[in-house]
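run.txt (compact mmCIF, C-alpha atoms)
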# COMPACT_ATOMS: atom_id res chain seq x y z
CA MET C 1 -17.95 12.78 -6.86
CA ALA C 2 -15.95 13.66 -3.77
CA PRO C 3 -12.65 15.45 -4.36
CA LEU C 4 -9.28 14.04 -3.48
CA LEU C 5 -8.47 14.28 0.18
CA GLN C 6 -6.48 17.47 0.32
CA ALA C 7 -4.11 18.75 2.96
CA PRO C 8 -3.29 22.38 3.69
CA PRO C 9 0.13 23.64 2.61
CA ARG C 10 2.98 21.59 4.00
CA ARG C 11 4.09 22.60 7.47
CA ARG C 12 7.74 22.45 6.49
CA ALA C 13 9.17 23.30 3.11
CA THR C 14 11.18 20.61 1.34
CA PRO C 15 14.86 21.33 2.03
CA ALA C 16 16.74 22.86 -0.83
CA ALA C 17 19.25 20.60 -2.52
CA LEU C 18 22.66 20.79 -0.85
CA PRO C 19 25.82 21.05 -2.92
CA ALA C 20 27.53 17.67 -3.20
CA ASP C 21 30.45 18.63 -0.94
CA ALA C 22 28.14 20.07 1.73
CA LEU C 23 26.01 16.93 1.59
CA ARG C 24 29.06 14.71 2.10
CA ARG C 25 30.17 16.81 5.08
CA HIS C 26 26.70 16.58 6.60
CA ARG C 27 26.60 12.79 6.19
CA ASP C 28 30.15 12.37 7.55
CA GLN C 29 29.31 14.55 10.53
CA LEU C 30 26.28 12.40 11.30
CA TYR C 31 28.39 9.26 10.92
CA ARG C 32 30.96 10.47 13.46
CA LEU C 33 28.26 11.69 15.85
CA LEU C 34 26.32 8.41 15.88
CA ALA C 35 29.10 5.86 15.40
CA ARG C 36 29.81 5.60 19.14
CA ASP C 37 26.29 4.28 19.76
CA TRP C 38 26.74 1.56 17.13
CA ALA C 39 30.32 0.46 17.84
CA ALA C 40 29.46 -3.13 18.85
CA PRO C 41 30.40 -5.63 16.09
CA ASP C 42 26.84 -6.91 15.68
CA ARG C 43 25.58 -3.35 15.22
CA ARG C 44 28.38 -1.77 13.20
CA GLU C 45 27.54 -3.68 10.03
CA GLU C 46 23.94 -2.41 10.20
CA PHE C 47 25.21 1.11 10.85
CA ASP C 48 27.57 1.10 7.87
CA ALA C 49 24.90 -0.42 5.62
CA HIS C 50 22.61 2.49 6.47
CA PHE C 51 25.18 5.13 5.60
CA ARG C 52 26.27 3.35 2.41
CA GLY C 53 22.87 2.25 1.20
CA LEU C 54 20.61 5.31 1.16
CA PRO C 55 20.41 7.91 -1.62
CA ASP C 56 21.73 11.46 -1.31
CA ARG C 57 18.23 12.92 -1.06
CA TYR C 58 17.78 11.07 2.24
CA TRP C 59 20.83 12.75 3.80
CA ALA C 60 19.61 16.15 2.69
CA ARG C 61 16.49 15.70 4.86
CA VAL C 62 17.65 14.18 8.15
CA ASP C 63 19.26 15.22 11.41
CA ALA C 64 20.91 13.06 14.07
CA ALA C 65 17.65 12.32 15.91
CA ALA C 66 15.96 11.16 12.71
CA VAL C 67 18.85 8.92 11.66
CA ARG C 68 18.97 7.35 15.13
CA TRP C 69 15.23 6.66 14.93
CA HIS C 70 15.54 5.14 11.46
CA LEU C 71 18.48 2.93 12.48
CA GLU C 72 16.43 1.47 15.31
CA LEU C 73 13.53 0.93 12.90
CA PHE C 74 15.70 -1.06 10.45
CA ARG C 75 17.14 -3.03 13.35
CA ALA C 76 13.64 -3.92 14.54
CA PHE C 77 12.74 -5.03 11.01
CA TYR C 78 15.67 -7.43 10.74
CA GLN C 79 15.07 -8.74 14.25
CA HIS C 80 11.48 -9.41 13.22
CA LEU C 81 12.71 -11.38 10.17
CA ALA C 82 15.05 -13.43 12.36
CA THR C 83 12.26 -14.40 14.76
CA ASP C 84 9.33 -14.72 12.33
CA GLY C 85 10.76 -15.25 8.87
CA ALA C 86 7.52 -16.83 7.68
CA ARG C 87 5.89 -13.38 7.77
CA VAL C 88 8.49 -11.52 5.74
CA LEU C 89 5.99 -9.07 4.26
CA VAL C 90 4.78 -7.72 7.61
CA PRO C 91 6.05 -4.14 7.96
CA VAL C 92 7.54 -2.61 11.09
CA VAL C 93 5.78 0.67 11.90
CA ARG C 94 6.69 3.42 14.36
CA TRP C 95 5.40 6.94 14.91
CA ARG C 96 6.31 10.13 16.72
CA HIS C 97 4.27 13.27 17.34
CA PHE C 98 5.11 16.89 16.55
CA PRO C 99 2.31 18.89 18.24
CA ASP C 100 4.05 22.21 17.54
CA ARG C 101 3.96 21.42 13.80
CA LYS C 102 0.46 19.88 14.04
CA LEU C 103 1.48 16.56 12.52
CA THR C 104 2.50 13.00 13.33
CA GLU C 105 5.31 11.25 11.47
CA VAL C 106 4.75 7.57 10.71
CA ALA C 107 7.68 5.42 9.56
CA VAL C 108 7.08 2.13 7.73
CA CYS C 109 9.95 -0.30 7.12
CA THR C 110 9.52 -3.36 4.91
CA TRP C 111 10.72 -5.03 1.73
CA ASP C 112 10.27 -3.08 -1.48
CA ARG C 113 7.50 -4.48 -3.66
CA PRO C 114 4.81 -3.30 -6.11
CA GLY C 115 1.75 -1.73 -4.54
CA LEU C 116 3.38 -0.94 -1.20
CA LEU C 117 2.69 2.78 -1.37
CA ALA C 118 -0.95 2.19 -2.30
CA ARG C 119 -1.39 -0.25 0.59
CA VAL C 120 -0.10 2.33 3.06
CA ALA C 121 -2.35 5.00 1.57
CA GLN C 122 -5.34 2.68 1.89
CA ALA C 123 -4.64 2.02 5.58
CA PHE C 124 -4.52 5.74 6.30
CA ALA C 125 -7.65 6.39 4.26
CA LEU C 126 -9.63 3.71 6.11
CA ALA C 127 -8.67 5.38 9.41
CA GLY C 128 -9.59 8.87 8.20
CA ILE C 129 -5.99 10.05 8.45
CA ASN C 130 -4.71 12.61 5.93
CA ILE C 131 -1.29 12.26 4.34
CA LEU C 132 0.43 15.65 4.26
CA GLN C 133 3.74 14.52 2.82
CA ALA C 134 5.41 11.26 1.80
CA GLN C 135 9.11 10.46 1.54
CA ILE C 136 10.08 7.08 0.14
CA PHE C 137 13.65 5.77 0.28
CA CYS C 138 14.96 2.40 -0.89
CA ARG C 139 18.14 1.18 0.79
CA ALA C 140 20.72 -0.91 -1.07
CA ASP C 141 19.50 -4.05 0.73
CA ASN C 142 16.07 -3.58 -0.94
CA VAL C 143 14.38 -2.52 2.30
CA MET C 144 12.10 0.50 2.04
CA LEU C 145 11.91 3.37 4.49
CA ASN C 146 8.56 5.09 4.02
CA LEU C 147 8.05 8.30 5.98
CA PHE C 148 4.61 9.87 6.14
CA GLN C 149 3.68 13.16 7.75
CA VAL C 150 0.03 12.73 8.67
CA ALA C 151 -2.76 14.61 10.42
CA ASP C 152 -6.30 13.97 11.59
CA ARG C 153 -9.41 15.35 9.90
CA GLN C 154 -8.86 18.71 11.61
CA PHE C 155 -5.32 18.81 10.22
CA ASP C 156 -3.71 18.44 13.62
CA PHE C 157 -1.33 15.80 14.93
CA VAL C 158 -2.95 12.41 15.62
CA PRO C 159 -3.11 12.19 19.44
CA ARG C 160 -5.20 9.04 19.65
CA GLU C 161 -2.73 6.20 20.11
CA ARG C 162 -5.48 3.63 19.66
CA LEU C 163 -6.32 5.05 16.22
CA LEU C 164 -2.69 4.71 15.19
CA GLU C 165 -2.52 1.20 16.60
CA GLU C 166 -5.61 0.19 14.62
CA THR C 167 -4.10 1.76 11.50
CA VAL C 168 -0.96 -0.33 11.97
CA LYS C 169 -3.05 -3.49 12.31
CA THR C 170 -4.87 -2.61 9.10
CA LEU C 171 -1.60 -1.92 7.29
CA ARG C 172 -0.11 -5.23 8.40
CA PHE C 173 -3.20 -7.03 7.18
CA LEU C 174 -3.23 -5.26 3.83
CA ALA C 175 0.50 -5.80 3.33
CA THR C 176 0.20 -9.57 3.67
CA ALA C 177 -3.32 -10.31 2.40
CA ALA C 178 -3.83 -12.02 -0.91
CA PRO C 179 -5.74 -10.02 -3.54
CA ALA C 180 -9.42 -9.88 -2.63
CA VAL C 181 -10.36 -10.46 -6.27
CA ALA C 182 -8.32 -12.96 -8.27
CA LEU C 183 -7.59 -11.43 -11.68
CA PRO C 184 -5.02 -12.23 -14.36
CA GLU C 185 -1.78 -10.28 -14.24
CA LEU C 186 -1.94 -6.85 -15.84
CA ASP C 187 -0.10 -6.69 -19.15
CA VAL C 188 2.87 -4.54 -18.12
CA THR C 189 3.99 -4.24 -21.74
CA ALA C 190 0.81 -2.33 -22.50
CA ALA C 191 0.49 -0.56 -19.17
CA GLY C 192 4.10 0.23 -18.30
CA ASP C 193 5.04 -0.42 -14.68
CA ALA C 194 1.45 -0.22 -13.49
CA TRP C 195 0.01 -2.13 -10.51
CA VAL C 196 -3.75 -2.39 -10.12
CA GLU C 197 -5.68 -4.26 -7.46
CA PHE C 198 -9.24 -4.34 -6.11
CA ASP C 199 -10.34 -4.95 -2.53
CA VAL C 200 -13.98 -5.91 -1.98
CA ILE C 201 -13.51 -6.97 1.66
CA SER C 202 -12.09 -4.06 3.68
CA SER C 203 -15.01 -1.70 3.13
CA PRO C 204 -18.62 -2.89 3.57
CA ALA C 205 -20.02 -0.21 1.27
CA TYR C 206 -17.41 0.37 -1.42
CA THR C 207 -15.11 -1.39 -3.84
CA VAL C 208 -11.58 -0.18 -3.14
CA LEU C 209 -9.30 0.35 -6.12
CA MET C 210 -5.56 0.65 -5.54
CA ILE C 211 -3.11 1.75 -8.22
CA GLU C 212 0.60 2.41 -8.33
CA THR C 213 2.58 3.51 -11.36
CA GLY C 214 5.13 5.99 -12.62
CA ASP C 215 4.00 9.57 -12.17
CA ARG C 216 3.37 11.85 -15.14
CA PRO C 217 1.28 14.93 -15.91
CA GLY C 218 -2.39 14.13 -16.42
CA LEU C 219 -2.22 10.69 -14.78
CA LEU C 220 -5.05 11.23 -12.31
CA TYR C 221 -7.18 12.84 -15.00
CA GLY C 222 -6.77 9.71 -17.11
CA VAL C 223 -7.68 7.47 -14.18
CA PHE C 224 -10.80 9.47 -13.33
CA ARG C 225 -11.84 9.51 -16.99
CA ALA C 226 -11.45 5.72 -17.17
CA LEU C 227 -13.57 5.26 -14.06
CA HIS C 228 -16.23 7.60 -15.40
CA GLY C 229 -16.21 5.78 -18.73
CA ALA C 230 -16.82 2.52 -16.89
CA GLY C 231 -19.92 4.01 -15.25
CA LEU C 232 -18.47 4.13 -11.75
CA LEU C 233 -18.68 6.82 -9.09
CA VAL C 234 -15.69 7.86 -6.99
CA VAL C 235 -16.95 8.48 -3.46
CA GLN C 236 -13.54 9.22 -1.98
CA ALA C 237 -9.97 9.20 -3.26
CA LEU C 238 -6.50 9.70 -1.90
CA ALA C 239 -3.36 10.16 -3.97
CA VAL C 240 0.32 10.18 -3.02
CA THR C 241 3.20 11.09 -5.30
CA GLU C 242 6.83 10.75 -4.33
CA HIS C 243 10.08 10.45 -6.29
CA GLY C 244 8.44 9.64 -9.61
CA VAL C 245 5.94 7.11 -8.21
CA ALA C 246 2.21 7.82 -7.95
CA ALA C 247 -0.20 5.78 -5.84
CA GLY C 248 -3.92 6.18 -5.48
CA VAL C 249 -6.75 4.67 -3.46
CA PHE C 250 -10.29 5.11 -4.82
CA TYR C 251 -13.56 4.14 -3.11
CA LEU C 252 -16.02 3.19 -5.84
CA THR C 253 -19.69 2.37 -6.32
CA ASP C 254 -21.84 1.77 -9.34
CA THR C 255 -24.43 4.35 -10.37
CA ALA C 256 -26.96 2.80 -7.98
CA GLY C 257 -24.58 3.19 -5.04
CA GLY C 258 -23.68 -0.50 -4.76
CA LYS C 259 -20.35 -2.29 -4.53
CA VAL C 260 -18.83 -3.70 -7.70
CA THR C 261 -17.86 -7.34 -7.16
CA ASP C 262 -18.34 -8.99 -10.56
CA VAL C 263 -14.99 -10.44 -11.62
CA GLY C 264 -15.62 -9.82 -15.31
CA GLN C 265 -16.52 -6.18 -14.73
CA LEU C 266 -13.46 -5.65 -12.53
CA GLN C 267 -11.17 -7.28 -15.08
CA SER C 268 -12.58 -5.03 -17.80
CA LEU C 269 -12.00 -2.01 -15.57
CA ARG C 270 -8.46 -3.15 -14.83
CA GLU C 271 -7.67 -3.32 -18.54
CA ARG C 272 -9.25 0.10 -19.10
CA LEU C 273 -7.12 1.57 -16.28
CA GLY C 274 -4.01 -0.08 -17.68
CA ARG C 275 -4.56 1.62 -21.02
CA ALA C 276 -5.23 4.96 -19.29
CA MET C 277 -2.02 4.77 -17.25
CA ALA C 278 0.02 3.76 -20.30
CA ALA C 279 -1.32 6.59 -22.44
CA PRO C 280 1.03 9.56 -22.97
CA ALA C 281 0.21 12.82 -21.24
CA ALA C 282 -2.37 14.86 -23.10

Would you encode the structure as structure tokens?
Amino acid sequence: MAPLLQAPPRRRATPAALPADALRRHRDQLYRLLARDWAAPDRREEFDAHFRGLPDRYWARVDAAAVRWHLELFRAFYQHLATDGARVLVPVVRWRHFPDRKLTEVAVCTWDRPGLLARVAQAFALAGINILQAQIFCRADNVMLNLFQVADRQFDFVPRERLLEETVKTLRFLATAAPAVALPELDVTAAGDAWVEFDVISSPAYTVLMIETGDRPGLLYGVFRALHGAGLLVVQALAVTEHGVAAGVFYLTDTAGGKVTDVGQLQSLRERLGRAMAAPAA
């Protein structure tokens, strides 16, 4: 079994929590600094919504350049909705490179919904891109800002624009595609707030399992034990945990190295995973 895709230590430490009064001053300073650029009536409402609608932990992590970038991202998302409302689940994606820090930051803006984090992780995994850090913020208007610091297989920034463009295409497809295997809804009473889905289309060689649920100690151990108990091999896996939410993407085969496509077997596995994710930490 291949290990989880691992990144080296984070290039930048998570900022220490600011005292409440210092955080307010920082946010107010950013508001005054950027307000001139968003003074037009059709832009001011968006601007105020951004400053009112994001949690304190967002303001502890951003500078003026980042906030300006995020504002333009949200604006692009709403413009996309106005022009193509039939495709409301298609995310808006932007990236910027930090060669000195050996990483690329990818920002994904879309509606909040179950499985979103796992879909993004799957798109990166298919492209061979490592997630170094994830930051997930939900604005008051129910639009998610997902920030990912990523690197290539050599743990350097991702210089190939075409690779990023292909990753975005994959993400947009995954975000809007119907489940590849039609299964009954998972019993959330038994499994908590768990989301489980299988994709037997994206990879020619593997069955792709995607999960998303509340994080807790021992969660991944329980998932791996459930997969092993079902007689499946994990060829590759990627896990992301942020703000109490854990998402995982697992590339699976049976013991003979083949894809698992039988609906009954996948439904049985889904129920087994649901019980594993609902179980208390050992």

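Atom pair CA of Ala151 (chain C) / CA of Leu164 (chain C): separated by 11.0 Å.
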
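With distances restricted to all atoms listed in the file, C:Val249 is the closest residue to Leu209 (chain C) from C:Val249, C:Leu238, C:Ala39, C:Val106.
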
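Using all atoms listed in the file, the protein and nucleic acid residues lying no more than 9 Å from region 88-96 of chain C, apart from those fewer than 2 places from it along its own chain, are Leu73, Phe74, Ala76, Phe77, His80, Leu81, Asp84, Gly85, Ala86, Phe98, Thr104, Glu105, Val106, Ala107, Val108, Cys109, Thr110, Trp111, Leu164, Val168, Leu171, Arg172, Phe173, Ala175 and Thr176 of chain C.
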
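A search radius of 9 Å centred on (-2.9, 5.6, 8.0), applied to only C-alpha atoms, returns the residues Val106, Val120, Ala121, Gln122, Ala123, Phe124, Ala125, Leu126, Ala127, Gly128, Ile129, Asn130, Ile131, Phe148, Val150, Leu163, Leu164, Glu166, Thr167, Val168, Thr170 and Leu171 of chain C.
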
Which residues are close to region 36-38 of chain C, i.e. within 10 Å by only C-alpha atoms, leaving aside same-chain residues fewer than 6 positions away? Reply as a PDB file with C-alpha atoms, in the frame of the given file.
ATOM      1  CA  ARG C  44      28.380  -1.770  13.200  1.00  0.00           C
ATOM      2  CA  GLU C  45      27.540  -3.680  10.030  1.00  0.00           C
ATOM      3  CA  GLU C  46      23.940  -2.410  10.200  1.00  0.00           C
ATOM      4  CA  PHE C  47      25.210   1.110  10.850  1.00  0.00           C
ATOM      5  CA  ASP C  48      27.570   1.100   7.870  1.00  0.00           C
ATOM      6  CA  ARG C  68      18.970   7.350  15.130  1.00  0.00           C
ATOM      7  CA  LEU C  71      18.480   2.930  12.480  1.00  0.00           C
TER       8      LEU C  71
END

Give me the region 88-159 of chain C side of the contact with region 49-61 of chain C, cut-off 8 Å, one line per residue showing its nearest atom pair and distance in Å at one decimal, counting all atoms listed in the file, sorted by chain and residue number, as CSV.
residue,atom,partner,partner_atom,distance
C:Phe137,CA,C:Tyr58,CA,7.0
C:Cys138,CA,C:Leu54,CA,6.7
C:Arg139,CA,C:Leu54,CA,4.8
C:Ala140,CA,C:Gly53,CA,4.4
C:Asp141,CA,C:Gly53,CA,7.2

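You will find CA of Leu273 (chain C) at 20.5 Å from CA of Glu242 (chain C).
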
Legend entry - Å distance separating CA of Tyr251 (chain C) from CA of Leu117 (chain C), one decimal place: 16.4 Å

Legend entry - Shell around Ala246 (chain C) at 6 Å using all atoms listed in the file, local window under 5 positions removed, as number ranges by chain: C: 212-215, 240-241
